[in-house]
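Asks: One structure follows; several queries about it will come next.
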Amino acid sequence: MDLMHMWTQMGMVAKAIGVILIIMSMISFGVAIERIYTFSQARKQSKLYAPQVAKHLKEGRLKDAIAVSSSKNYRYSHLAKVVLAGLQEYQFQQEAGGGLSREDLVDSVRRSIQRATALTQSDLKKGVNSLATIGTTAPFVGLLGTVVGVINAFVGIAATGSGGIGAVSAGIAEALVETALGLVVAIPAVWFYNYLTGRLDYFNVEMDNSSSELVDYFIKKTA
C-alpha cells in the first residue's frame, strides 16, 4: 500500500492525529525560519553598530550615539536596544537636572539597561519555547496514533475472527506511520531548539558585556 491509499484507509481519529502533527511541523519550521532570519540580522547589524556607537561615545558625542542607536538600520540589533536604553536614561537625568548623586545616576542607568536587557531577551526568545514544546510532545502525539492503529488492528482481528496478516496489516501500518510522523516532527524541532538556544546564550553574553562596558563608561564620565 502506498501512503495515499493508507491515508484513505485510516480512521477519523488517526487522520486527525496526522493533521495535528503536520500542523505542528509547519509551526516548527515557521518559527525556526523566522528566528534564524531575526538572529542573523541581529548579529549582522550589531557588528556594524558596535564600532559606530563606540566611536561616538569615545568622542563624547552622546546625541550622535543615541541617533545611531535609534536608527532603523539597527532595528534588529540587540546591542542597540540595550545601549539606547542606557544612553536615553543618562540624557534624561542630565537634562532633568534632578540633582542625583553620581552613584544614584549610575544606578539609574544600570537599572534602565537591565530592564532593556530583560525585554530584549524576551523578544529574542519569542517562539523558541514552542519548539521545545513541539519537540517533546510530538512523539507522544505520534504514540497516540500508534495506540489507535493497534486498536484498529485488534478490531480487524475481532471482525474477521482471524489473526492473519490480512486482518492486522492495515492497523499495524497505520500505527507505524503515526509513530514515524511523530518522530519526523519532533527531531527537527529539537535540533532547531538547541541551535537557537545556543545563539540566545551568545546574544545574552554580548548584551551583558555591552551593558557592563556602558556602565563603566558612565562611571568614568561622571567621575
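A note on labels: chains of the C-alpha cells are A, B, ... as shown, every chain counts residues from 1, and ligands are counted from 1 in their shown order.
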Would you mind listing what lies within 7 Å of A:Gln45 as a ChimeraX atom specification, with only C-alpha atoms counted and same-chain residues fewer than 6 positions away left out?

Replies: /A:74,76-77

Asks: For A:Ile27, list every protein, DNA or RNA residue within 10 Å, evaluated using only C-alpha atoms, and leave out those in the same chain fewer than 6 positions away; present the list as a JSON list (two decimals) with N, CA and C atoms, in the first residue's frame.

Replies:
[["chain", "number", "residue", "atom", "x", "y", "z"],
["A", 21, "LEU", "N", -0.14, 16.61, 13.73],
["A", 21, "LEU", "CA", 1.32, 16.51, 13.59],
["A", 21, "LEU", "C", 1.84, 17.35, 12.43],
["A", 33, "ILE", "N", 12.51, 29.25, 10.89],
["A", 33, "ILE", "CA", 12.96, 30.12, 9.79],
["A", 33, "ILE", "C", 12.91, 31.58, 10.21],
["A", 127, "GLY", "N", 8.79, 32.53, 20.55],
["A", 127, "GLY", "CA", 8.55, 31.37, 19.71],
["A", 127, "GLY", "C", 9.50, 30.21, 19.93],
["A", 130, "SER", "N", 8.17, 27.29, 21.94],
["A", 130, "SER", "CA", 7.21, 26.44, 21.23],
["A", 130, "SER", "C", 7.92, 25.27, 20.54],
["A", 131, "LEU", "N", 9.18, 25.48, 20.13],
["A", 131, "LEU", "CA", 9.94, 24.40, 19.53],
["A", 131, "LEU", "C", 10.21, 23.30, 20.55],
["A", 134, "ILE", "N", 6.93, 21.41, 21.00],
["A", 134, "ILE", "CA", 6.67, 20.51, 19.86],
["A", 134, "ILE", "C", 7.63, 19.32, 19.91],
["A", 189, "ALA", "N", 12.45, 19.76, 15.33],
["A", 189, "ALA", "CA", 12.10, 20.75, 16.34],
["A", 189, "ALA", "C", 13.15, 20.80, 17.44]]

Asks: Excluding same-chain residues fewer than 6 positions from A:Gln88, what lies within 10 Å of it counting only C-alpha atoms, as a list in words?

Replies: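 Contacts, with the query itself left out: Leu62, Lys63, Ala65, Ile66, Ser69, Gln94, Val109, Ser112 and Ile113 of chain A.
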
Asks: Quick one: write out the picked residues with all heavy atoms as a PDB file, in the first residue's frame?

Replies:
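As a result, selection12.pdb now contains:
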ATOM      1  N   LEU A  62      27.184  62.276  22.691  1.00  0.00           N
ATOM      2  CA  LEU A  62      26.105  61.458  23.222  1.00  0.00           C
ATOM      3  C   LEU A  62      24.884  61.449  22.295  1.00  0.00           C
ATOM      4  O   LEU A  62      24.277  60.406  22.054  1.00  0.00           O
ATOM      5  CB  LEU A  62      25.700  61.966  24.618  1.00  0.00           C
ATOM      6  CG  LEU A  62      24.627  61.145  25.346  1.00  0.00           C
ATOM      7  CD1 LEU A  62      25.127  59.740  25.614  1.00  0.00           C
ATOM      8  CD2 LEU A  62      24.233  61.831  26.645  1.00  0.00           C
ATOM      9  N   LYS A  63      24.532  62.627  21.768  1.00  0.00           N
ATOM     10  CA  LYS A  63      23.358  62.711  20.904  1.00  0.00           C
ATOM     11  C   LYS A  63      23.556  61.916  19.610  1.00  0.00           C
ATOM     12  O   LYS A  63      22.615  61.294  19.110  1.00  0.00           O
ATOM     13  CB  LYS A  63      23.047  64.170  20.584  1.00  0.00           C
ATOM     14  CG  LYS A  63      22.538  64.962  21.785  1.00  0.00           C
ATOM     15  CD  LYS A  63      22.129  66.364  21.385  1.00  0.00           C
ATOM     16  CE  LYS A  63      21.582  67.131  22.584  1.00  0.00           C
ATOM     17  NZ  LYS A  63      21.170  68.511  22.225  1.00  0.00           N
ATOM     18  N   ALA A  65      25.414  59.268  19.379  1.00  0.00           N
ATOM     19  CA  ALA A  65      25.334  57.861  19.783  1.00  0.00           C
ATOM     20  C   ALA A  65      23.884  57.428  19.917  1.00  0.00           C
ATOM     21  O   ALA A  65      23.511  56.313  19.516  1.00  0.00           O
ATOM     22  CB  ALA A  65      26.073  57.651  21.102  1.00  0.00           C
ATOM     23  N   ILE A  66      23.036  58.313  20.461  1.00  0.00           N
ATOM     24  CA  ILE A  66      21.605  57.997  20.588  1.00  0.00           C
ATOM     25  C   ILE A  66      20.964  57.904  19.207  1.00  0.00           C
ATOM     26  O   ILE A  66      20.133  57.029  18.953  1.00  0.00           O
ATOM     27  CB  ILE A  66      20.910  59.065  21.452  1.00  0.00           C
ATOM     28  CG1 ILE A  66      21.394  58.968  22.900  1.00  0.00           C
ATOM     29  CG2 ILE A  66      19.390  58.905  21.387  1.00  0.00           C
ATOM     30  CD1 ILE A  66      20.839  60.050  23.809  1.00  0.00           C
ATOM     31  N   SER A  69      21.888  54.640  17.681  1.00  0.00           N
ATOM     32  CA  SER A  69      21.242  53.525  18.372  1.00  0.00           C
ATOM     33  C   SER A  69      19.768  53.402  18.014  1.00  0.00           C
ATOM     34  O   SER A  69      19.213  52.299  18.016  1.00  0.00           O
ATOM     35  CB  SER A  69      21.389  53.692  19.889  1.00  0.00           C
ATOM     36  OG  SER A  69      22.750  53.738  20.267  1.00  0.00           O
ATOM     37  N   GLN A  94      20.395  63.963  32.892  1.00  0.00           N
ATOM     38  CA  GLN A  94      21.209  65.159  32.729  1.00  0.00           C
ATOM     39  C   GLN A  94      20.346  66.371  32.390  1.00  0.00           C
ATOM     40  O   GLN A  94      20.555  67.462  32.927  1.00  0.00           O
ATOM     41  CB  GLN A  94      22.239  64.937  31.616  1.00  0.00           C
ATOM     42  CG  GLN A  94      23.335  63.942  31.975  1.00  0.00           C
ATOM     43  CD  GLN A  94      24.262  64.463  33.056  1.00  0.00           C
ATOM     44  OE1 GLN A  94      24.099  64.135  34.236  1.00  0.00           O
ATOM     45  NE2 GLN A  94      25.231  65.276  32.677  1.00  0.00           N
ATOM     46  N   VAL A 109      20.956  54.451  35.515  1.00  0.00           N
ATOM     47  CA  VAL A 109      21.326  53.981  34.179  1.00  0.00           C
ATOM     48  C   VAL A 109      21.413  52.457  34.165  1.00  0.00           C
ATOM     49  O   VAL A 109      20.931  51.800  33.229  1.00  0.00           O
ATOM     50  CB  VAL A 109      22.658  54.604  33.733  1.00  0.00           C
ATOM     51  CG1 VAL A 109      23.135  53.952  32.433  1.00  0.00           C
ATOM     52  CG2 VAL A 109      22.509  56.102  33.540  1.00  0.00           C
ATOM     53  N   SER A 112      17.980  50.903  34.088  1.00  0.00           N
ATOM     54  CA  SER A 112      17.380  51.068  32.768  1.00  0.00           C
ATOM     55  C   SER A 112      17.944  50.043  31.788  1.00  0.00           C
ATOM     56  O   SER A 112      17.194  49.455  30.992  1.00  0.00           O
ATOM     57  CB  SER A 112      17.638  52.489  32.256  1.00  0.00           C
ATOM     58  OG  SER A 112      17.096  52.658  30.964  1.00  0.00           O
ATOM     59  N   ILE A 113      19.237  49.821  31.851  1.00  0.00           N
ATOM     60  CA  ILE A 113      19.872  48.829  30.977  1.00  0.00           C
ATOM     61  C   ILE A 113      19.366  47.431  31.305  1.00  0.00           C
ATOM     62  O   ILE A 113      19.107  46.624  30.400  1.00  0.00           O
ATOM     63  CB  ILE A 113      21.405  48.910  31.117  1.00  0.00           C
ATOM     64  CG1 ILE A 113      21.922  50.230  30.538  1.00  0.00           C
ATOM     65  CG2 ILE A 113      22.071  47.722  30.417  1.00  0.00           C
ATOM     66  CD1 ILE A 113      23.396  50.453  30.780  1.00  0.00           C
TER      67      ILE A 113
END

Asks: Please produce, as a tab-separated table, a per-residue contact table for stretch 118-140 of chain A versus stretch 7-17 of chain A (criterion: any atom at most 12 Å away, only C-alpha atoms considered), showing the nearest atom pair and its distance in Å to one decimal, sorted by chain then residue number.

Replies:
residue	atom	partner	partner_atom	distance
A:Ala138	CA	A:Ile17	CA	10.1
A:Pro139	CA	A:Ile17	CA	11.5
A:Phe140	CA	A:Ile17	CA	10.7

Asks: Write the residues of the selection above to a file with C-alpha atoms, as an mmCIF file, in the first residue's frame.

Replies:
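Wrote selection21.cif, looks like this:
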data_model
loop_
_atom_site.group_PDB
_atom_site.id
_atom_site.type_symbol
_atom_site.label_atom_id
_atom_site.label_comp_id
_atom_site.auth_asym_id
_atom_site.auth_seq_id
_atom_site.Cartn_x
_atom_site.Cartn_y
_atom_site.Cartn_z
ATOM 1 C CA ALA A 138 5.180 15.267 19.014
ATOM 2 C CA PRO A 139 6.435 11.734 19.866
ATOM 3 C CA PHE A 140 3.582 11.335 22.346
#

Asks: Identify which of the residues A:Thr133, A:Thr146, A:Gln52, A:Ser71 lies closest to A:Ala180, counting only C-alpha atoms when measuring atom-to-atom distances.

Replies: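 Closest to A:Ala180, using only C-alpha atoms: A:Thr146.
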
Asks: For A:Asp64, list every protein, DNA or RNA residue within 10 Å, evaluated using only C-alpha atoms, and leave out those in the same chain fewer than 5 positions away; present the list as a ChimeraX atom specification.

Replies: /A:52-53,55-57,69-70

Asks: Produce a file of the selected residues containing N, CA and C atoms, as a PDB file, in the first residue's frame.

Replies:
ATOM      1  N   GLN A  52      30.488  51.920  15.517  1.00  0.00           N
ATOM      2  CA  GLN A  52      29.997  53.279  15.311  1.00  0.00           C
ATOM      3  C   GLN A  52      29.632  53.957  16.626  1.00  0.00           C
ATOM      4  N   VAL A  53      28.872  53.255  17.471  1.00  0.00           N
ATOM      5  CA  VAL A  53      28.470  53.863  18.742  1.00  0.00           C
ATOM      6  C   VAL A  53      29.672  54.025  19.657  1.00  0.00           C
ATOM      7  N   LYS A  55      32.686  54.747  18.728  1.00  0.00           N
ATOM      8  CA  LYS A  55      33.400  55.934  18.251  1.00  0.00           C
ATOM      9  C   LYS A  55      32.752  57.215  18.777  1.00  0.00           C
ATOM     10  N   HIS A  56      31.427  57.296  18.719  1.00  0.00           N
ATOM     11  CA  HIS A  56      30.721  58.487  19.198  1.00  0.00           C
ATOM     12  C   HIS A  56      30.903  58.672  20.710  1.00  0.00           C
ATOM     13  N   LEU A  57      30.856  57.586  21.457  1.00  0.00           N
ATOM     14  CA  LEU A  57      30.996  57.689  22.898  1.00  0.00           C
ATOM     15  C   LEU A  57      32.418  58.110  23.289  1.00  0.00           C
ATOM     16  N   SER A  69      21.888  54.640  17.681  1.00  0.00           N
ATOM     17  CA  SER A  69      21.242  53.525  18.372  1.00  0.00           C
ATOM     18  C   SER A  69      19.768  53.402  18.014  1.00  0.00           C
ATOM     19  N   SER A  70      19.130  54.531  17.737  1.00  0.00           N
ATOM     20  CA  SER A  70      17.697  54.515  17.410  1.00  0.00           C
ATOM     21  C   SER A  70      17.432  54.435  15.907  1.00  0.00           C
TER      22      SER A  70
END

Asks: Which is closest to A:Ile219 among A:Arg35, A:Arg110, A:Arg43, A:Lys58, if we use only C-alpha atoms?

Replies: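 Among the listed residues, A:Arg110 lies closest to A:Ile219.
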
Asks: Return the single residue from A:Ala132, A:Ile20, A:Gly149, A:Ser40 that is closest to A:Val190, with distances computed using only C-alpha atoms.

Replies: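 Among the listed residues, A:Ala132 lies closest to A:Val190.
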